[in-house]
file final21.pdb (PDB, C-alpha atoms, pLDDT in the B column)
ATOM      1  CA  MET A   1      91.851  84.783  74.826  1.00 50.00           C
ATOM      2  CA  LYS A   2      91.976  82.093  77.522  1.00 49.00           C
ATOM      3  CA  LYS A   3      88.697  80.982  79.028  1.00 54.00           C
ATOM      4  CA  ASP A   4      88.123  81.331  82.765  1.00 61.00           C
ATOM      5  CA  THR A   5      90.036  78.194  83.648  1.00 77.00           C
ATOM      6  CA  ILE A   6      92.266  77.928  86.706  1.00 77.00           C
ATOM      7  CA  GLN A   7      95.290  80.143  86.094  1.00 83.00           C
ATOM      8  CA  TYR A   8      98.427  80.564  88.143  1.00 84.00           C
ATOM      9  CA  LEU A   9     100.395  83.760  88.372  1.00 84.00           C
ATOM     10  CA  ASP A  10     104.148  83.744  87.814  1.00 85.00           C
ATOM     11  CA  LYS A  11     105.747  82.759  91.151  1.00 84.00           C
ATOM     12  CA  ASN A  12     107.920  85.895  91.245  1.00 88.00           C
ATOM     13  CA  ILE A  13     104.862  88.125  90.993  1.00 94.00           C
ATOM     14  CA  ALA A  14     102.741  85.916  93.280  1.00 95.00           C
ATOM     15  CA  GLY A  15     105.423  86.238  95.956  1.00 95.00           C
ATOM     16  CA  PHE A  16     105.152  90.007  95.906  1.00 97.00           C
ATOM     17  CA  VAL A  17     101.329  89.930  95.989  1.00 97.00           C
ATOM     18  CA  VAL A  18     101.435  87.739  99.109  1.00 97.00           C
ATOM     19  CA  SER A  19     104.137  89.919 100.680  1.00 98.00           C
ATOM     20  CA  ALA A  20     102.016  93.024  99.971  1.00 98.00           C
ATOM     21  CA  ALA A  21      99.040  91.413 101.744  1.00 98.00           C
ATOM     22  CA  ILE A  22     101.246  90.496 104.721  1.00 98.00           C
ATOM     23  CA  ALA A  23     102.771  93.999 104.838  1.00 98.00           C
ATOM     24  CA  ILE A  24      99.306  95.586 104.733  1.00 98.00           C
ATOM     25  CA  VAL A  25      98.027  93.373 107.569  1.00 98.00           C
ATOM     26  CA  SER A  26     101.230  93.901 109.587  1.00 98.00           C
ATOM     27  CA  ASN A  27     100.697  97.663 109.176  1.00 98.00           C
ATOM     28  CA  THR A  28      97.381  97.366 111.039  1.00 98.00           C
ATOM     29  CA  LEU A  29      98.825  94.993 113.648  1.00 98.00           C
ATOM     30  CA  LEU A  30     101.653  97.447 114.282  1.00 98.00           C
ATOM     31  CA  VAL A  31      99.127 100.275 114.758  1.00 97.00           C
ATOM     32  CA  TRP A  32      97.343  98.218 117.400  1.00 97.00           C
ATOM     33  CA  ALA A  33     100.627  97.228 119.080  1.00 97.00           C
ATOM     34  CA  LYS A  34     101.964 100.791 119.040  1.00 95.00           C
ATOM     35  CA  GLU A  35      98.743 102.228 120.447  1.00 94.00           C
ATOM     36  CA  THR A  36      98.592  99.703 123.297  1.00 96.00           C
ATOM     37  CA  SER A  37     102.287  99.747 124.143  1.00 96.00           C
ATOM     38  CA  PRO A  38     103.788 103.164 124.971  1.00 95.00           C
ATOM     39  CA  ALA A  39     107.176 101.437 125.298  1.00 97.00           C
ATOM     40  CA  LEU A  40     107.022 100.210 121.691  1.00 97.00           C
ATOM     41  CA  SER A  41     105.878 103.637 120.493  1.00 95.00           C
ATOM     42  CA  ALA A  42     108.746 105.306 122.387  1.00 96.00           C
ATOM     43  CA  TRP A  43     111.257 102.774 121.004  1.00 97.00           C
ATOM     44  CA  MET A  44     110.016 103.397 117.449  1.00 97.00           C
ATOM     45  CA  LYS A  45     110.311 107.140 118.028  1.00 95.00           C
ATOM     46  CA  ALA A  46     113.851 106.759 119.349  1.00 96.00           C
ATOM     47  CA  LEU A  47     114.818 104.578 116.390  1.00 96.00           C
ATOM     48  CA  THR A  48     114.325 107.215 113.663  1.00 96.00           C
ATOM     49  CA  SER A  49     113.284 110.364 115.565  1.00 94.00           C
ATOM     50  CA  HIS A  50     109.589 109.793 114.695  1.00 96.00           C
ATOM     51  CA  HIS A  51     107.338 106.768 115.202  1.00 96.00           C
ATOM     52  CA  TRP A  52     105.723 107.322 111.781  1.00 96.00           C
ATOM     53  CA  ILE A  53     109.055 107.039 109.960  1.00 97.00           C
ATOM     54  CA  SER A  54     109.908 103.803 111.811  1.00 97.00           C
ATOM     55  CA  HIS A  55     106.409 102.478 111.112  1.00 97.00           C
ATOM     56  CA  GLY A  56     106.677 103.219 107.395  1.00 97.00           C
ATOM     57  CA  LEU A  57     110.163 101.751 107.113  1.00 98.00           C
ATOM     58  CA  PHE A  58     108.995  98.579 108.867  1.00 97.00           C
ATOM     59  CA  VAL A  59     106.056  98.102 106.485  1.00 98.00           C
ATOM     60  CA  VAL A  60     108.117  98.830 103.339  1.00 98.00           C
ATOM     61  CA  ILE A  61     110.966  96.534 104.469  1.00 98.00           C
ATOM     62  CA  VAL A  62     108.469  93.737 105.223  1.00 98.00           C
ATOM     63  CA  PHE A  63     107.046  94.138 101.700  1.00 98.00           C
ATOM     64  CA  PHE A  64     110.348  94.104  99.823  1.00 98.00           C
ATOM     65  CA  LEU A  65     112.137  91.524 101.998  1.00 98.00           C
ATOM     66  CA  LEU A  66     109.231  89.057 102.099  1.00 97.00           C
ATOM     67  CA  GLY A  67     108.607  89.695  98.412  1.00 97.00           C
ATOM     68  CA  LEU A  68     112.176  88.741  97.547  1.00 96.00           C
ATOM     69  CA  ILE A  69     112.049  85.647  99.760  1.00 96.00           C
ATOM     70  CA  LEU A  70     108.617  84.463  98.570  1.00 95.00           C
ATOM     71  CA  SER A  71     109.385  85.116  94.906  1.00 93.00           C
ATOM     72  CA  LYS A  72     112.341  82.719  95.202  1.00 92.00           C
ATOM     73  CA  SER A  73     110.153  80.029  96.784  1.00 91.00           C
ATOM     74  CA  ASN A  74     107.939  77.652  94.855  1.00 85.00           C
ATOM     75  CA  LEU A  75     104.780  79.586  95.578  1.00 86.00           C
ATOM     76  CA  LYS A  76     101.941  78.362  93.380  1.00 87.00           C
ATOM     77  CA  LEU A  77      98.754  80.340  93.850  1.00 91.00           C
ATOM     78  CA  LYS A  78      95.775  80.817  91.584  1.00 93.00           C
ATOM     79  CA  THR A  79      95.464  84.316  90.145  1.00 94.00           C
ATOM     80  CA  ASN A  80      91.903  84.622  91.467  1.00 95.00           C
ATOM     81  CA  THR A  81      93.066  83.580  94.942  1.00 96.00           C
ATOM     82  CA  LEU A  82      95.714  86.329  94.868  1.00 97.00           C
ATOM     83  CA  THR A  83      93.073  88.891  93.871  1.00 97.00           C
ATOM     84  CA  LEU A  84      90.930  87.751  96.794  1.00 97.00           C
ATOM     85  CA  ILE A  85      93.916  87.869  99.177  1.00 97.00           C
ATOM     86  CA  ILE A  86      94.845  91.442  98.245  1.00 98.00           C
ATOM     87  CA  LEU A  87      91.225  92.673  98.361  1.00 98.00           C
ATOM     88  CA  LEU A  88      90.453  91.016 101.710  1.00 98.00           C
ATOM     89  CA  SER A  89      93.712  92.095 103.349  1.00 98.00           C
ATOM     90  CA  SER A  90      93.264  95.699 102.185  1.00 98.00           C
ATOM     91  CA  PHE A  91      89.624  96.076 103.230  1.00 98.00           C
ATOM     92  CA  SER A  92      90.027  94.269 106.560  1.00 98.00           C
ATOM     93  CA  SER A  93      93.194  96.202 107.431  1.00 98.00           C
ATOM     94  CA  ALA A  94      91.616  99.544 106.555  1.00 98.00           C
ATOM     95  CA  ILE A  95      88.531  98.731 108.640  1.00 98.00           C
ATOM     96  CA  GLY A  96      90.811  97.499 111.425  1.00 98.00           C
ATOM     97  CA  ILE A  97      92.609 100.840 111.592  1.00 98.00           C
ATOM     98  CA  VAL A  98      89.519 103.063 111.369  1.00 97.00           C
ATOM     99  CA  VAL A  99      87.465 101.032 113.871  1.00 97.00           C
ATOM    100  CA  TRP A 100      90.429 101.025 116.271  1.00 97.00           C
ATOM    101  CA  PHE A 101      90.580 104.813 116.310  1.00 96.00           C
ATOM    102  CA  ILE A 102      86.777 105.074 116.620  1.00 96.00           C
ATOM    103  CA  LEU A 103      86.768 102.807 119.654  1.00 94.00           C
ATOM    104  CA  TYR A 104      89.944 103.945 121.413  1.00 84.00           C
TER     105      TYR A 104
ATOM    106  CA  MET B   1     107.591 126.900 101.941  1.00 81.00           C
ATOM    107  CA  ARG B   2     105.408 125.163 104.520  1.00 85.00           C
ATOM    108  CA  GLU B   3     102.229 125.901 102.539  1.00 88.00           C
ATOM    109  CA  ALA B   4     103.872 124.788  99.283  1.00 91.00           C
ATOM    110  CA  ILE B   5     104.719 121.415 100.822  1.00 90.00           C
ATOM    111  CA  LEU B   6     101.203 121.129 102.231  1.00 90.00           C
ATOM    112  CA  LEU B   7      99.673 121.752  98.793  1.00 93.00           C
ATOM    113  CA  LEU B   8     102.212 119.626  96.917  1.00 95.00           C
ATOM    114  CA  HIS B   9     101.405 116.338  98.633  1.00 95.00           C
ATOM    115  CA  PRO B  10      97.709 116.062  97.612  1.00 95.00           C
ATOM    116  CA  THR B  11      98.679 117.255  94.132  1.00 96.00           C
ATOM    117  CA  LEU B  12     101.199 114.432  93.762  1.00 97.00           C
ATOM    118  CA  ALA B  13      98.671 111.984  95.214  1.00 97.00           C
ATOM    119  CA  MET B  14      96.015 113.081  92.707  1.00 97.00           C
ATOM    120  CA  LEU B  15      98.481 112.688  89.831  1.00 98.00           C
ATOM    121  CA  SER B  16      99.121 109.187  91.141  1.00 98.00           C
ATOM    122  CA  VAL B  17      95.356 108.521  91.218  1.00 98.00           C
ATOM    123  CA  ILE B  18      95.046 109.723  87.615  1.00 98.00           C
ATOM    124  CA  SER B  19      97.893 107.369  86.664  1.00 98.00           C
ATOM    125  CA  ALA B  20      96.157 104.500  88.471  1.00 98.00           C
ATOM    126  CA  ILE B  21      92.969 105.225  86.491  1.00 98.00           C
ATOM    127  CA  TRP B  22      95.146 105.260  83.363  1.00 98.00           C
ATOM    128  CA  VAL B  23      96.415 101.772  84.345  1.00 98.00           C
ATOM    129  CA  ILE B  24      92.808 100.582  84.694  1.00 98.00           C
ATOM    130  CA  VAL B  25      91.897 101.931  81.239  1.00 98.00           C
ATOM    131  CA  GLU B  26      94.972 100.370  79.605  1.00 98.00           C
ATOM    132  CA  THR B  27      94.314  97.051  81.368  1.00 98.00           C
ATOM    133  CA  LEU B  28      90.683  96.914  80.280  1.00 98.00           C
ATOM    134  CA  ASN B  29      91.877  97.511  76.708  1.00 97.00           C
ATOM    135  CA  ALA B  30      95.007  95.368  76.973  1.00 97.00           C
ATOM    136  CA  SER B  31      96.616  94.341  73.706  1.00 96.00           C
ATOM    137  CA  PRO B  32     100.217  93.812  72.570  1.00 96.00           C
ATOM    138  CA  ALA B  33     100.140  97.409  71.292  1.00 95.00           C
ATOM    139  CA  ASN B  34      99.555  99.084  74.679  1.00 96.00           C
ATOM    140  CA  LEU B  35     101.436  96.789  77.072  1.00 96.00           C
ATOM    141  CA  ASN B  36     104.420  99.114  77.385  1.00 97.00           C
ATOM    142  CA  ARG B  37     102.118 102.042  78.067  1.00 97.00           C
ATOM    143  CA  LEU B  38     100.363 100.028  80.789  1.00 98.00           C
ATOM    144  CA  LYS B  39     103.693  99.113  82.420  1.00 98.00           C
ATOM    145  CA  ASN B  40     104.948 102.698  82.272  1.00 98.00           C
ATOM    146  CA  ALA B  41     101.711 104.023  83.784  1.00 98.00           C
ATOM    147  CA  ALA B  42     102.030 101.477  86.621  1.00 98.00           C
ATOM    148  CA  LYS B  43     105.620 102.615  87.263  1.00 98.00           C
ATOM    149  CA  LEU B  44     104.416 106.219  87.291  1.00 98.00           C
ATOM    150  CA  VAL B  45     101.867 105.371  90.006  1.00 98.00           C
ATOM    151  CA  ALA B  46     104.650 103.957  92.199  1.00 98.00           C
ATOM    152  CA  ILE B  47     106.995 106.901  91.598  1.00 98.00           C
ATOM    153  CA  LEU B  48     104.314 109.541  92.261  1.00 98.00           C
ATOM    154  CA  MET B  49     103.066 107.772  95.400  1.00 98.00           C
ATOM    155  CA  PHE B  50     106.642 107.472  96.684  1.00 98.00           C
ATOM    156  CA  LEU B  51     107.111 111.223  96.122  1.00 98.00           C
ATOM    157  CA  THR B  52     103.787 111.816  97.907  1.00 97.00           C
ATOM    158  CA  CYS B  53     105.135 109.811 100.834  1.00 97.00           C
ATOM    159  CA  LEU B  54     108.337 111.866 100.997  1.00 97.00           C
ATOM    160  CA  VAL B  55     106.567 115.237 100.784  1.00 97.00           C
ATOM    161  CA  ALA B  56     103.637 114.329 103.060  1.00 96.00           C
ATOM    162  CA  GLY B  57     105.988 112.662 105.529  1.00 96.00           C
ATOM    163  CA  TYR B  58     108.271 115.701 105.613  1.00 96.00           C
ATOM    164  CA  TYR B  59     105.269 117.940 106.346  1.00 96.00           C
ATOM    165  CA  TYR B  60     103.805 115.594 108.943  1.00 95.00           C
ATOM    166  CA  VAL B  61     107.066 115.106 110.833  1.00 96.00           C
ATOM    167  CA  ASN B  62     108.202 118.744 110.749  1.00 95.00           C
ATOM    168  CA  PHE B  63     105.097 120.946 110.601  1.00 95.00           C
ATOM    169  CA  TYR B  64     101.996 119.055 111.746  1.00 95.00           C
ATOM    170  CA  ALA B  65     102.459 119.457 115.540  1.00 95.00           C
ATOM    171  CA  PRO B  66     101.102 123.085 115.688  1.00 95.00           C
ATOM    172  CA  ASP B  67      98.101 122.074 113.530  1.00 95.00           C
ATOM    173  CA  LYS B  68      97.439 119.171 115.890  1.00 96.00           C
ATOM    174  CA  ALA B  69      97.517 121.502 118.899  1.00 96.00           C
ATOM    175  CA  ILE B  70      95.007 123.847 117.207  1.00 96.00           C
ATOM    176  CA  ILE B  71      92.688 120.954 116.276  1.00 96.00           C
ATOM    177  CA  LEU B  72      92.733 119.575 119.817  1.00 96.00           C
ATOM    178  CA  LYS B  73      91.780 123.002 121.217  1.00 93.00           C
ATOM    179  CA  GLY B  74      88.711 123.185 118.967  1.00 93.00           C
ATOM    180  CA  SER B  75      85.450 121.255 118.789  1.00 94.00           C
ATOM    181  CA  TRP B  76      86.605 119.031 115.886  1.00 96.00           C
ATOM    182  CA  LYS B  77      89.008 116.918 117.958  1.00 96.00           C
ATOM    183  CA  PHE B  78      88.031 113.897 115.874  1.00 97.00           C
ATOM    184  CA  ALA B  79      89.822 115.558 112.940  1.00 97.00           C
ATOM    185  CA  HIS B  80      93.043 114.496 114.644  1.00 97.00           C
ATOM    186  CA  ASN B  81      92.028 111.672 116.986  1.00 96.00           C
ATOM    187  CA  LEU B  82      90.181 109.700 114.337  1.00 97.00           C
ATOM    188  CA  ILE B  83      90.853 111.159 110.890  1.00 97.00           C
ATOM    189  CA  MET B  84      94.562 112.058 111.054  1.00 97.00           C
ATOM    190  CA  GLU B  85      95.469 108.995 113.109  1.00 97.00           C
ATOM    191  CA  SER B  86      93.723 106.770 110.545  1.00 97.00           C
ATOM    192  CA  LYS B  87      95.095 108.700 107.559  1.00 97.00           C
ATOM    193  CA  GLU B  88      98.740 108.591 108.571  1.00 96.00           C
ATOM    194  CA  HIS B  89      98.593 104.798 108.929  1.00 97.00           C
ATOM    195  CA  LEU B  90      96.213 103.942 106.084  1.00 98.00           C
ATOM    196  CA  PHE B  91      98.594 105.715 103.728  1.00 98.00           C
ATOM    197  CA  PHE B  92     101.117 102.878 104.108  1.00 98.00           C
ATOM    198  CA  MET B  93      98.556 100.489 102.603  1.00 98.00           C
ATOM    199  CA  THR B  94      98.185 102.748  99.560  1.00 98.00           C
ATOM    200  CA  LEU B  95     101.969 103.030  99.297  1.00 98.00           C
ATOM    201  CA  ILE B  96     102.463  99.242  99.335  1.00 98.00           C
ATOM    202  CA  LEU B  97      99.703  98.753  96.742  1.00 98.00           C
ATOM    203  CA  SER B  98     101.422 101.388  94.569  1.00 98.00           C
ATOM    204  CA  PHE B  99     104.738  99.540  94.841  1.00 98.00           C
ATOM    205  CA  LEU B 100     102.954  96.277  94.002  1.00 98.00           C
ATOM    206  CA  LEU B 101     101.219  97.608  90.883  1.00 98.00           C
ATOM    207  CA  PRO B 102     104.285  97.749  88.541  1.00 98.00           C
ATOM    208  CA  VAL B 103     105.335  94.283  89.757  1.00 97.00           C
ATOM    209  CA  VAL B 104     101.970  92.785  88.778  1.00 97.00           C
ATOM    210  CA  ALA B 105     101.893  94.851  85.572  1.00 97.00           C
ATOM    211  CA  SER B 106     105.072  93.043  84.525  1.00 96.00           C
ATOM    212  CA  ALA B 107     103.086  89.780  84.157  1.00 95.00           C
ATOM    213  CA  LYS B 108     103.512  88.172  80.761  1.00 93.00           C
ATOM    214  CA  ASP B 109      99.919  86.996  80.404  1.00 92.00           C
ATOM    215  CA  ILE B 110      98.044  90.292  80.731  1.00 95.00           C
ATOM    216  CA  VAL B 111      96.626  90.169  77.225  1.00 96.00           C
ATOM    217  CA  SER B 112      95.641  86.489  77.384  1.00 94.00           C
ATOM    218  CA  SER B 113      94.444  86.209  80.991  1.00 94.00           C
ATOM    219  CA  LYS B 114      91.309  87.918  82.216  1.00 95.00           C
ATOM    220  CA  GLN B 115      92.185  86.869  85.771  1.00 96.00           C
ATOM    221  CA  THR B 116      95.514  88.725  85.647  1.00 96.00           C
ATOM    222  CA  ARG B 117      93.736  91.787  84.275  1.00 97.00           C
ATOM    223  CA  THR B 118      91.215  91.532  87.138  1.00 97.00           C
ATOM    224  CA  LEU B 119      94.097  91.440  89.632  1.00 98.00           C
ATOM    225  CA  ILE B 120      95.684  94.569  88.112  1.00 98.00           C
ATOM    226  CA  VAL B 121      92.350  96.429  88.018  1.00 98.00           C
ATOM    227  CA  SER B 122      91.672  95.402  91.645  1.00 98.00           C
ATOM    228  CA  ILE B 123      95.027  96.750  92.858  1.00 98.00           C
ATOM    229  CA  ALA B 124      94.704  99.971  90.840  1.00 98.00           C
ATOM    230  CA  GLY B 125      91.094 100.334  92.024  1.00 98.00           C
ATOM    231  CA  LEU B 126      92.188  99.964  95.657  1.00 98.00           C
ATOM    232  CA  ILE B 127      94.808 102.677  95.086  1.00 98.00           C
ATOM    233  CA  VAL B 128      92.170 105.013  93.629  1.00 98.00           C
ATOM    234  CA  LEU B 129      89.612 104.327  96.386  1.00 98.00           C
ATOM    235  CA  SER B 130      92.054 104.605  99.272  1.00 98.00           C
ATOM    236  CA  SER B 131      93.719 107.726  97.846  1.00 98.00           C
ATOM    237  CA  LEU B 132      90.372 109.467  97.395  1.00 98.00           C
ATOM    238  CA  ALA B 133      89.477 108.560 100.989  1.00 97.00           C
ATOM    239  CA  LEU B 134      92.813 110.011 102.147  1.00 97.00           C
ATOM    240  CA  GLU B 135      92.201 113.192 100.122  1.00 96.00           C
ATOM    241  CA  GLY B 136      88.808 113.540 101.818  1.00 97.00           C
ATOM    242  CA  ALA B 137      90.449 112.948 105.185  1.00 97.00           C
ATOM    243  CA  GLY B 138      92.904 115.755 104.409  1.00 96.00           C
ATOM    244  CA  SER B 139      89.981 118.126 103.857  1.00 96.00           C
ATOM    245  CA  VAL B 140      88.462 117.181 107.218  1.00 97.00           C
ATOM    246  CA  ILE B 141      91.821 117.797 108.943  1.00 97.00           C
ATOM    247  CA  ALA B 142      92.091 121.237 107.275  1.00 95.00           C
ATOM    248  CA  MET B 143      88.551 121.944 108.465  1.00 96.00           C
ATOM    249  CA  GLY B 144      89.531 120.821 111.964  1.00 97.00           C
ATOM    250  CA  VAL B 145      92.344 123.399 111.991  1.00 96.00           C
ATOM    251  CA  LYS B 146      89.916 126.057 110.736  1.00 95.00           C
ATOM    252  CA  MET B 147      87.396 125.207 113.471  1.00 95.00           C
ATOM    253  CA  GLY B 148      90.113 125.399 116.121  1.00 94.00           C
ATOM    254  CA  LEU B 149      91.318 128.784 114.879  1.00 94.00           C
ATOM    255  CA  LEU B 150      87.775 130.178 114.633  1.00 92.00           C
ATOM    256  CA  GLN B 151      86.979 129.121 118.176  1.00 87.00           C
ATOM    257  CA  THR B 152      90.219 130.702 119.405  1.00 82.00           C
ATOM    258  CA  LEU B 153      89.203 133.974 117.725  1.00 83.00           C
ATOM    259  CA  VAL B 154      85.659 133.870 119.144  1.00 80.00           C
ATOM    260  CA  LYS B 155      87.052 133.412 122.683  1.00 69.00           C
TER     261      LYS B 155
END
call {"tool": "encode", "arguments": {"input": "final21.pdb", "output": "structure tokens"}}
result
Amino acid sequence: MKKDTIQYLDKNIAGFVVSAAIAIVSNTLLVWAKETSPALSAWMKALTSHHWISHGLFVVIVFFLLGLILSKSNLKLKTNTLTLIILLSSFSSAIGIVVWFILY
Amino acid sequence: MREAILLLHPTLAMLSVISAIWVIVETLNASPANLNRLKNAAKLVAILMFLTCLVAGYYYVNFYAPDKAIILKGSWKFAHNLIMESKEHLFFMTLILSFLLPVVASAKDIVSSKQTRTLIVSIAGLIVLSSLALEGAGSVIAMGVKMGLLQTLVK
């Protein structure tokens, strides 16, 4: 077993972890944008017949597309940093959504 | 049919949660002997959560509108305005984490690196926590419909 030295995750996998964090944060940002802009909400509804379908497709496409792009780049991130990124993005995005609907 | 779809989506989600817990157990006991099992369990999480998305999405898009109208007529308006609005968007986070899990579980250093195991357990743990929260939210929404119907009957 390796000791707790600095370890780097395979760049292909690291790319997808970063893209997941970005997709999760963009999910929350899109909620805020959609809720404040009726025009955007209407456009998303028109795009696929329901805003929720467009929203989901956007988030999933961001994840896979960014993941493919970032996994081809020379991304070098510590494994612990990636864990922190995914935990922070998930908790902050979840709080961001819930607090938004409490306040508005 | 409508009720079957309604009941199927939390069932699939719970099976996905069980698979995510399975991933955690395999990761905490990672060895060359159970790596394939770990990877297969991670793939199962992604497949089951994707199916949950399809079934839940189909219900939400096609059948939720009357439920929403009933909730908004009752005293538990927050069951839609806060709980359902949060649930329908928070789910995408759980879905992305579920897609990410098999990618991270394909790492070559799971057995040798505690940090990689921590990353896998963190992602699986987030899937479990968020899914359980969404299951709870589903119960509140069902209760919101019940409250709306009861108040309609009392009137």
call {"tool": "resolve_selection", "arguments": {"input": "final21.pdb", "expression": "the ChimeraX specification (/B :<7) & /A", "output": "list in words"}}
result
Met1, Lys2, Ile13, Phe16, Val17, Ala20, Ile24, Gly56, Val60, Thr79, Asn80, Thr83, Ala94, Ile97, Val98, Phe101 and Ile102 of chain A
call {"tool": "resolve_selection", "arguments": {"input": "final21.pdb", "expression": "the PyMOL selection byres ((chain A and resi 25) around 9)", "output": "ChimeraX atom specification"}}
result
/A:20-24,26-30,89-90,92-94 /B:93
call {"tool": "axis_aligned_box", "arguments": {"input": "final21.pdb", "around": "range 80-89 of chain A", "padding_each_side": "5 Å", "output": "AutoDock Vina command-line options"}}
result
--center_x 93.1 --center_y 88.1 --center_z 97.4 --size_x 15.3 --size_y 19.1 --size_z 21.9
call {"tool": "residues_around", "arguments": {"input": "final21.pdb", "residues": "Trp100 in chain A", "least_positions_apart": "4", "cutoff": "8 Å", "atoms": "all atoms listed in the file", "output": "ChimeraX atom specification"}}
result
/A:32,96,104
call {"tool": "atom_distance", "arguments": {"input": "final21.pdb", "atom1": "CA of Ile6 in chain A", "atom2": "CA of Ala30 in chain B"}}
result
20.2 Å
call {"tool": "atom_distance", "arguments": {"input": "final21.pdb", "atom1": "CA of Ala133 in chain B", "atom2": "CA of Leu87 in chain A"}}
result
16.2 Å
call {"tool": "atom_distance", "arguments": {"input": "final21.pdb", "atom1": "CA of Ser19 in chain B", "atom2": "CA of Ala41 in chain B"}}
result
5.8 Å
call {"tool": "resolve_selection", "arguments": {"input": "final21.pdb", "expression": "the PyMOL selection byres ((chain B and resi 146) around 12)", "output": "PyMOL selection string"}}
result
chain B and resi 67-68+70-77+79+139-145+147-153
call {"tool": "residues_near_point", "arguments": {"input": "final21.pdb", "point": "(111.1, 103.3, 114.0)", "cutoff": "12 Å", "atoms": "only C-alpha atoms", "output": "list in words"}}
result
Leu30, Lys34, Leu40, Ser41, Ala42, Trp43, Met44, Lys45, Ala46, Leu47, Thr48, Ser49, His50, His51, Trp52, Ile53, Ser54, His55, Gly56, Leu57, Phe58, Val59, Val60 and Ile61 of chain A
call {"tool": "closest_residue", "arguments": {"input": "final21.pdb", "among": "B:Thr52, B:Ser16, B:Asn40, B:Asn29", "to": "Val128 in chain B", "atoms": "all atoms listed in the file"}}
result
B:Ser16
call {"tool": "closest_residue", "arguments": {"input": "final21.pdb", "among": "B:Ile18, B:Ile110, B:Leu129, B:Ala69", "to": "Lys39 in chain B", "atoms": "only C-alpha atoms"}}
result
B:Ile110
call {"tool": "residues_around", "arguments": {"input": "final21.pdb", "residues": "Lys72 in chain A", "least_positions_apart": "4", "cutoff": "10 Å", "atoms": "all atoms listed in the file", "output": "mmCIF file with C-alpha atoms, in the coordinates of the input"}}
result
data_model
loop_
_atom_site.group_PDB
_atom_site.id
_atom_site.type_symbol
_atom_site.label_atom_id
_atom_site.label_comp_id
_atom_site.auth_asym_id
_atom_site.auth_seq_id
_atom_site.Cartn_x
_atom_site.Cartn_y
_atom_site.Cartn_z
ATOM 1 C CA LYS A 11 105.747 82.759 91.151
ATOM 2 C CA ASN A 12 107.920 85.895 91.245
ATOM 3 C CA GLY A 15 105.423 86.238 95.956
ATOM 4 C CA LEU A 66 109.231 89.057 102.099
ATOM 5 C CA GLY A 67 108.607 89.695 98.412
ATOM 6 C CA LEU A 68 112.176 88.741 97.547
#
call {"tool": "residues_around", "arguments": {"input": "final21.pdb", "residues": "Lys78 in chain A", "least_positions_apart": "5", "cutoff": "7 Å", "atoms": "only C-alpha atoms", "output": "MDAnalysis selection string"}}
result
chainID A and resid 6:9
call {"tool": "write_last_selection", "arguments": {"input": "final21.pdb", "atoms": "C-alpha atoms", "output": "short mmCIF file (atom, residue, chain, number, x, y, z; two decimals), in the frame of the given file"}}
result
data_model
loop_
_atom_site.label_atom_id
_atom_site.label_comp_id
_atom_site.auth_asym_id
_atom_site.auth_seq_id
_atom_site.Cartn_x
_atom_site.Cartn_y
_atom_site.Cartn_z
CA ILE A 6 92.27 77.93 86.71
CA GLN A 7 95.29 80.14 86.09
CA TYR A 8 98.43 80.56 88.14
CA LEU A 9 100.40 83.76 88.37
#
